[in-house]
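Notes for the one structure printed next.
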Amino acid sequence: RCQSSSMEKSKTSKKNLLDNASNLLTNLLSGGRLGSLPTAEGAVSDLFGRPLFFSLYDWFLEHGSVYKLAFGPKSFVVVSDPIVARHVLRENAFSYDKGVLAEILEPIMGKGLIPADLGTWKQRRKVIAPGFHSLFLEAMVKVFTDCSERSISKFEKLLESENSEIEEIQLDLEAEFSNLALDIIGLGIFNYDFGSVTKESPVIKAVYGTLFEAEHRSTFYIPYWNLPFVRWIVPRQIKFHNDLKIINDCLDGLIKNAKETRQEDDVEKLQQRDYSSLKDVSLLRFLVDMRGVDVDDRQLRDDLMTMLIAGHETTAAVLTWSVFLLAQNPSKMKKAQMEVDSVLGGKKITLECLKKMEYLRLIIVEALRLYPQPPLLIRRALKEDKLPGGYMGNEDGYSIPAGTDIFISVYNLHRSPYFWDKPDEFEPERFLTPKANEGIAGWAGYDPSRSPGAMYPNEITSDFAFIPFGGGPRKCVGDQFALLESTVALALLLQKFDVQLRGSPDEVQLITGATIHTKSGLWCKLRRRASVGAKQNQLVEV
Ligand code: HEM
């Protein structure tokens, strides 16, 4: 059995190699047929000197909002225009797949929503998306609060153990947010407490190892891991497969347990949307209870793995950049703290409280505008298509052949000088004053009439000028989960602490893989605020 499974794997590797070769060929051919597009010639040094999305931005200003990027014989179409983005993501979504992204993620996520083929995706999206309904999200607010409070109490204990006169601790908040987001995704999605805020475990190490490898693969341009035998000889690939096995075993155990403990009582409560008396409110419980025990275990595991990876570092990054921006804008931090004080007082956070914390919510979306996760969306045309010219492009649009690889630069859209005033500035308030601009996709931002009931600006309120969660049928399923989670965590942090950067903002260099993160952590100084609503301590430099 062992021998036949290794033969299968070697067949799969050969198939992947052939697929890669054929994709490269298609790409070379299509590169030649993208003649009508302005062209940016990329040098290999552009890939290594600094994050690629910076270069894509410079070329956007130089060549316009739809251009061809040629790296030697390989080429991509880079889109920085809301109308073209809307066409690819929403209007003609099913003419595209995830291309190279699916190739990278498939070994990790299997047939999970992100890399899934269209047939599987259609079936699973219908099952998973309803799981994120409003009562689930309301129940999640408690999970977000409990986990955030664990982080806060860890910081408080660290402060207490400080013997210095100045009550201050220095922490890498990026690492802390990463642990927090892992705990939340574990409990919210499959009722598993990683407890990573307070401890280390083999499963936690395996999750980080897998994320690290996913990131490596997304920035490494030759997929050597598909070569036969590599997984048995290259140390990092051996480690990767060991890590995957640890996580898979853990998820398999949770799925088995969820199926064995399925109770008709709980199903009734779920059907009546009575979450108050349920002990386990996780998405896994919903998927197993509502769909019965005959759900395919392998598929369920791929779904959970996908959400674990998709919902962890992304949310941690939003919190990291929100704090980075606030720490440079003390008056905005104070404004946010006053909002938290006035809404919460001594109360626990509820969904109703979050609805009242408008400024905090806008801080989160403004951080997502400036530091979108991921900064690029990747697509490959499954058939020939005609891209619209967009706001600044050629009136006739652009014909692209099947096989064309497209990068939708979310970073460029979010910082486009054509759609945003002072695009590089941190101005959460910008979403409060819709701009009545004519002809240009309004970044209108906060026009509730375009998306009634939306708590946060989104791609609809901005007509695709702001697409932090993508758009169209493949839009993030966890968007509201992530936004509420980030708002709760930020509110609880600011309620208790004043935060300052330890060094200068320039020292916080960025690097990218799937998300934008810091090179060596977001080192901050935390001081306890005197008391909620009372006169506060002044930050003292040490
Ligand atoms: C898809 C962003 C949090 C699960 C996406 C996409 C984006 C995104 C941009 C679309 C990708 C594309 O079109 O190629 C984010 C950001 C997050 C976040 C910025 C945090 C701030 C989460 C969370 C979960 C999640 C918490 C799950 C609990 C997914 C899934 C997909 C997805 C399953 C694939 C959807 C599909 O193809 O049907 N996310 N995400 N994400 N996200 Fe998120």
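Chain identifiers are assigned as A, B, and so on, following the order in which chains appear in the structure tokens; residues are numbered from 1 within each chain, and ligands are numbered from 1 in order of appearance.
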
List as JSON lines every residue of chain A that is in contact with ligand 1, defined as an atom at most 6 Å from one of its atoms (using only C-alpha atoms and all ligand atoms), together with the nearest atom pair and the distance in Å rounded to one decimal, sorted by chain and then rising number.
{"residue": "A:Leu113", "atom": "CA", "partner": "ligand 1", "partner_atom_place_in_ligand_line": "37 (O)", "distance": 4.8}
{"residue": "A:Ile114", "atom": "CA", "partner": "ligand 1", "partner_atom_place_in_ligand_line": "34 (C)", "distance": 4.4}
{"residue": "A:Arg125", "atom": "CA", "partner": "ligand 1", "partner_atom_place_in_ligand_line": "38 (O)", "distance": 5.8}
{"residue": "A:Thr306", "atom": "CA", "partner": "ligand 1", "partner_atom_place_in_ligand_line": "33 (C)", "distance": 6.0}
{"residue": "A:Met307", "atom": "CA", "partner": "ligand 1", "partner_atom_place_in_ligand_line": "27 (C)", "distance": 4.4}
{"residue": "A:Ala310", "atom": "CA", "partner": "ligand 1", "partner_atom_place_in_ligand_line": "41 (N)", "distance": 4.8}
{"residue": "A:Gly311", "atom": "CA", "partner": "ligand 1", "partner_atom_place_in_ligand_line": "23 (C)", "distance": 3.3}
{"residue": "A:Thr314", "atom": "CA", "partner": "ligand 1", "partner_atom_place_in_ligand_line": "20 (C)", "distance": 4.4}
{"residue": "A:Thr315", "atom": "CA", "partner": "ligand 1", "partner_atom_place_in_ligand_line": "20 (C)", "distance": 4.0}
{"residue": "A:Val318", "atom": "CA", "partner": "ligand 1", "partner_atom_place_in_ligand_line": "21 (C)", "distance": 5.7}
{"residue": "A:Gln373", "atom": "CA", "partner": "ligand 1", "partner_atom_place_in_ligand_line": "19 (C)", "distance": 4.5}
{"residue": "A:Leu377", "atom": "CA", "partner": "ligand 1", "partner_atom_place_in_ligand_line": "14 (O)", "distance": 4.9}
{"residue": "A:Ile378", "atom": "CA", "partner": "ligand 1", "partner_atom_place_in_ligand_line": "14 (O)", "distance": 5.8}
{"residue": "A:Pro468", "atom": "CA", "partner": "ligand 1", "partner_atom_place_in_ligand_line": "9 (C)", "distance": 5.4}
{"residue": "A:Phe469", "atom": "CA", "partner": "ligand 1", "partner_atom_place_in_ligand_line": "9 (C)", "distance": 3.7}
{"residue": "A:Gly470", "atom": "CA", "partner": "ligand 1", "partner_atom_place_in_ligand_line": "9 (C)", "distance": 4.3}
{"residue": "A:Arg474", "atom": "CA", "partner": "ligand 1", "partner_atom_place_in_ligand_line": "37 (O)", "distance": 4.0}
{"residue": "A:Lys475", "atom": "CA", "partner": "ligand 1", "partner_atom_place_in_ligand_line": "10 (C)", "distance": 4.9}
{"residue": "A:Cys476", "atom": "CA", "partner": "ligand 1", "partner_atom_place_in_ligand_line": "1 (C)", "distance": 3.5}
{"residue": "A:Val477", "atom": "CA", "partner": "ligand 1", "partner_atom_place_in_ligand_line": "29 (C)", "distance": 5.0}
{"residue": "A:Gly478", "atom": "CA", "partner": "ligand 1", "partner_atom_place_in_ligand_line": "24 (C)", "distance": 3.7}
{"residue": "A:Asp479", "atom": "CA", "partner": "ligand 1", "partner_atom_place_in_ligand_line": "3 (C)", "distance": 5.5}
{"residue": "A:Phe481", "atom": "CA", "partner": "ligand 1", "partner_atom_place_in_ligand_line": "26 (C)", "distance": 5.5}
{"residue": "A:Ala482", "atom": "CA", "partner": "ligand 1", "partner_atom_place_in_ligand_line": "26 (C)", "distance": 4.5}

Surrounding residues of Gly64 (chain A) excluding itself and chain neighbours under 4 positions, 8 Å, only C-alpha atoms, as a PDB file with N, CA and C atoms, in the first residue's frame:
ATOM      1  N   PRO A  38      -0.060  48.841 -22.263  1.00  0.00           N
ATOM      2  CA  PRO A  38       1.210  49.458 -21.893  1.00  0.00           C
ATOM      3  C   PRO A  38       2.052  48.429 -21.133  1.00  0.00           C
ATOM      4  N   TRP A  59       4.839  51.447 -11.129  1.00  0.00           N
ATOM      5  CA  TRP A  59       4.517  51.208 -12.548  1.00  0.00           C
ATOM      6  C   TRP A  59       3.078  51.629 -12.866  1.00  0.00           C
ATOM      7  N   PHE A  60       2.208  51.527 -11.880  1.00  0.00           N
ATOM      8  CA  PHE A  60       0.821  51.979 -12.050  1.00  0.00           C
ATOM      9  C   PHE A  60       0.806  53.487 -12.344  1.00  0.00           C
ATOM     10  N   MET A 392      -9.392  54.988 -16.657  1.00  0.00           N
ATOM     11  CA  MET A 392      -8.337  55.755 -17.307  1.00  0.00           C
ATOM     12  C   MET A 392      -7.783  55.075 -18.540  1.00  0.00           C
ATOM     13  N   GLY A 393      -8.307  53.896 -18.838  1.00  0.00           N
ATOM     14  CA  GLY A 393      -7.688  53.123 -19.912  1.00  0.00           C
ATOM     15  C   GLY A 393      -8.277  53.417 -21.266  1.00  0.00           C
TER      16      GLY A 393
END

Close residues, Leu61 (chain A) itself excluded, 10 Å, only C-alpha atoms, min 4 positions apart in chain, as a ChimeraX atom specification: /A:56-57,65,80,412,416-417

field: Spatial neighbours of Glu358 (chain A), 9 Å, only C-alpha atoms, chain gap at least 6 places, as a PyMOL selection string
entry: chain A and resi 339+455-456

Expected file contents, prior selection, C-alpha atoms, as a PDB file, in the first residue's frame:
ATOM      1  CA  GLU A 339     -15.265  56.340  22.300  1.00  0.00           C
ATOM      2  CA  MET A 455     -21.510  48.140   9.693  1.00  0.00           C
ATOM      3  CA  TYR A 456     -18.273  48.655   7.769  1.00  0.00           C
TER       4      TYR A 456
END

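With only C-alpha atoms as the atoms that count, the minimum distance from Leu370 (chain A) to the choices A:Ala530, A:Ile516, A:Ile204, A:Leu180 is reached by A:Ile516.
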
- prompt: How far is it from CA of Gln170 (chain A) to CA of Thr515 (chain A), in Å with one decimal?
  reply: 24.3 Å

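DSSP secondary structure from the backbone places Leu376, Leu377, Ile378, Arg379, Arg380, Ala381, Asp385, Lys386, Leu387, Tyr398, Ser399, Ile400, Asp405, Ile406, Phe407, Ile408, Ser409, Pro468 and Gly470 of chain A of region 251-487 of chain A in strand (DSSP E or B).
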
Kindly save the residues from that selection, with N, CA and C atoms included, as a PDB file, in the first residue's frame.
ATOM      1  N   LEU A 376      -2.363  41.660  -3.111  1.00  0.00           N
ATOM      2  CA  LEU A 376      -2.680  41.326  -4.514  1.00  0.00           C
ATOM      3  C   LEU A 376      -3.685  40.198  -4.566  1.00  0.00           C
ATOM      4  N   LEU A 377      -4.638  40.275  -5.478  1.00  0.00           N
ATOM      5  CA  LEU A 377      -5.502  39.115  -5.736  1.00  0.00           C
ATOM      6  C   LEU A 377      -5.054  38.510  -7.064  1.00  0.00           C
ATOM      7  N   ILE A 378      -5.055  37.204  -7.112  1.00  0.00           N
ATOM      8  CA  ILE A 378      -4.496  36.529  -8.292  1.00  0.00           C
ATOM      9  C   ILE A 378      -5.585  35.781  -9.047  1.00  0.00           C
ATOM     10  N   ARG A 379      -5.604  35.926 -10.352  1.00  0.00           N
ATOM     11  CA  ARG A 379      -6.557  35.199 -11.187  1.00  0.00           C
ATOM     12  C   ARG A 379      -5.885  34.733 -12.460  1.00  0.00           C
ATOM     13  N   ARG A 380      -6.453  33.663 -13.073  1.00  0.00           N
ATOM     14  CA  ARG A 380      -6.000  33.244 -14.413  1.00  0.00           C
ATOM     15  C   ARG A 380      -7.230  33.089 -15.301  1.00  0.00           C
ATOM     16  N   ALA A 381      -7.169  33.677 -16.516  1.00  0.00           N
ATOM     17  CA  ALA A 381      -8.327  33.606 -17.420  1.00  0.00           C
ATOM     18  C   ALA A 381      -8.490  32.176 -17.932  1.00  0.00           C
ATOM     19  N   ASP A 385     -11.106  36.715 -22.962  1.00  0.00           N
ATOM     20  CA  ASP A 385     -12.037  37.679 -22.369  1.00  0.00           C
ATOM     21  C   ASP A 385     -11.668  39.085 -22.843  1.00  0.00           C
ATOM     22  N   LYS A 386     -12.610  39.980 -22.650  1.00  0.00           N
ATOM     23  CA  LYS A 386     -12.315  41.384 -22.960  1.00  0.00           C
ATOM     24  C   LYS A 386     -12.450  42.196 -21.675  1.00  0.00           C
ATOM     25  N   LEU A 387     -11.333  42.744 -21.210  1.00  0.00           N
ATOM     26  CA  LEU A 387     -11.383  43.583 -20.010  1.00  0.00           C
ATOM     27  C   LEU A 387     -11.898  44.958 -20.399  1.00  0.00           C
ATOM     28  N   TYR A 398      -9.477  45.797 -23.369  1.00  0.00           N
ATOM     29  CA  TYR A 398      -8.294  45.007 -23.716  1.00  0.00           C
ATOM     30  C   TYR A 398      -8.683  43.548 -23.872  1.00  0.00           C
ATOM     31  N   SER A 399      -8.337  42.977 -25.028  1.00  0.00           N
ATOM     32  CA  SER A 399      -8.606  41.549 -25.207  1.00  0.00           C
ATOM     33  C   SER A 399      -7.484  40.757 -24.552  1.00  0.00           C
ATOM     34  N   ILE A 400      -7.883  39.750 -23.803  1.00  0.00           N
ATOM     35  CA  ILE A 400      -6.839  38.900 -23.213  1.00  0.00           C
ATOM     36  C   ILE A 400      -7.125  37.442 -23.578  1.00  0.00           C
ATOM     37  N   ASP A 405      -2.416  35.537 -16.827  1.00  0.00           N
ATOM     38  CA  ASP A 405      -2.366  35.685 -15.364  1.00  0.00           C
ATOM     39  C   ASP A 405      -2.604  37.143 -15.006  1.00  0.00           C
ATOM     40  N   ILE A 406      -3.494  37.358 -14.038  1.00  0.00           N
ATOM     41  CA  ILE A 406      -3.857  38.736 -13.658  1.00  0.00           C
ATOM     42  C   ILE A 406      -3.540  38.963 -12.180  1.00  0.00           C
ATOM     43  N   PHE A 407      -2.924  40.092 -11.896  1.00  0.00           N
ATOM     44  CA  PHE A 407      -2.779  40.545 -10.503  1.00  0.00           C
ATOM     45  C   PHE A 407      -3.721  41.730 -10.322  1.00  0.00           C
ATOM     46  N   ILE A 408      -4.700  41.603  -9.451  1.00  0.00           N
ATOM     47  CA  ILE A 408      -5.489  42.794  -9.104  1.00  0.00           C
ATOM     48  C   ILE A 408      -4.786  43.419  -7.911  1.00  0.00           C
ATOM     49  N   SER A 409      -4.222  44.596  -8.100  1.00  0.00           N
ATOM     50  CA  SER A 409      -3.472  45.187  -7.007  1.00  0.00           C
ATOM     51  C   SER A 409      -4.408  45.950  -6.072  1.00  0.00           C
ATOM     52  N   PRO A 468     -11.088  45.245   0.436  1.00  0.00           N
ATOM     53  CA  PRO A 468     -10.192  44.495   1.337  1.00  0.00           C
ATOM     54  C   PRO A 468     -10.542  43.022   1.426  1.00  0.00           C
ATOM     55  N   GLY A 470     -11.985  41.333  -1.223  1.00  0.00           N
ATOM     56  CA  GLY A 470     -12.326  40.930  -2.580  1.00  0.00           C
ATOM     57  C   GLY A 470     -13.747  41.371  -2.886  1.00  0.00           C
TER      58      GLY A 470
END

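Residues surrounding Leu522 (chain A) within 7 Å are Asp172, Leu173, Glu174, Val508, Thr518 and Cys524 of chain A [only C-alpha atoms; sequence separation below 2 positions excluded].
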
Mind dumping a table of every region 122-186 of chain A residue within 8 Å of region 259-283 of chain A, with the nearest atom pair and its distance in Å to one decimal, using only C-alpha atoms, sorted by chain and rising number, as a tab-separated table?
residue	atom	partner	partner_atom	distance
A:Gly131	CA	A:Leu283	CA	6.1
A:Phe132	CA	A:Leu283	CA	7.7
A:Leu135	CA	A:Arg273	CA	7.0
A:Phe136	CA	A:Val281	CA	7.2
A:Ala139	CA	A:Tyr275	CA	6.9
A:Met140	CA	A:Val281	CA	7.9

task: Considering only C-alpha atoms, return as an NGL selection string whatever protein or nucleic-acid residues lie within 9 Å of Gly472 (chain A), sequence-local ones (same chain, fewer than 6 positions apart) excluded.
output: :A and (86 or 88-91 or 93)

Atoms to include: C-alpha atoms. Write the selected residues as a PDB file, in the first residue's frame.
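This went into part39.pdb:
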ATOM      1  CA  ARG A  86     -15.297  44.529 -10.686  1.00  0.00           C
ATOM      2  CA  VAL A  88     -12.879  40.149 -13.111  1.00  0.00           C
ATOM      3  CA  LEU A  89     -14.113  39.569  -9.573  1.00  0.00           C
ATOM      4  CA  ARG A  90     -17.843  39.913 -10.024  1.00  0.00           C
ATOM      5  CA  GLU A  91     -19.252  40.389 -13.512  1.00  0.00           C
ATOM      6  CA  ALA A  93     -16.031  35.867 -12.164  1.00  0.00           C
TER       7      ALA A  93
END

task: For region 211-215 of chain A, work out the shell of residues within 10 Å, counting only C-alpha atoms and skipping chain neighbours fewer than 4 positions away, then give it as a VMD selection string.
output: chain A and resid 104 to 105 107 to 108 205 to 207 219 to 220 236 to 237 239 to 240 243 308 to 310 312 to 313 512 to 515

- prompt: Quick one: distance from CA of Lys126 (chain A) to CA of Pro374 (chain A) in Å, one decimal?
  reply: 24.0 Å

query: Hey, what does DSSP flag as helix (DSSP H, G or I) within region 81-156 of chain A? Can you give it to me as number ranges by chain?
result: A: 82-91, 93-95, 99-109, 118-132, 134-156

message: So the first atom is CA of Pro452 (chain A) and the second is CA of Leu362 (chain A); what is the distance between them in Å, to one decimal place?
response: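 Value for the CA of Pro452 (chain A)-CA of Leu362 (chain A) distance: 16.8 Å.
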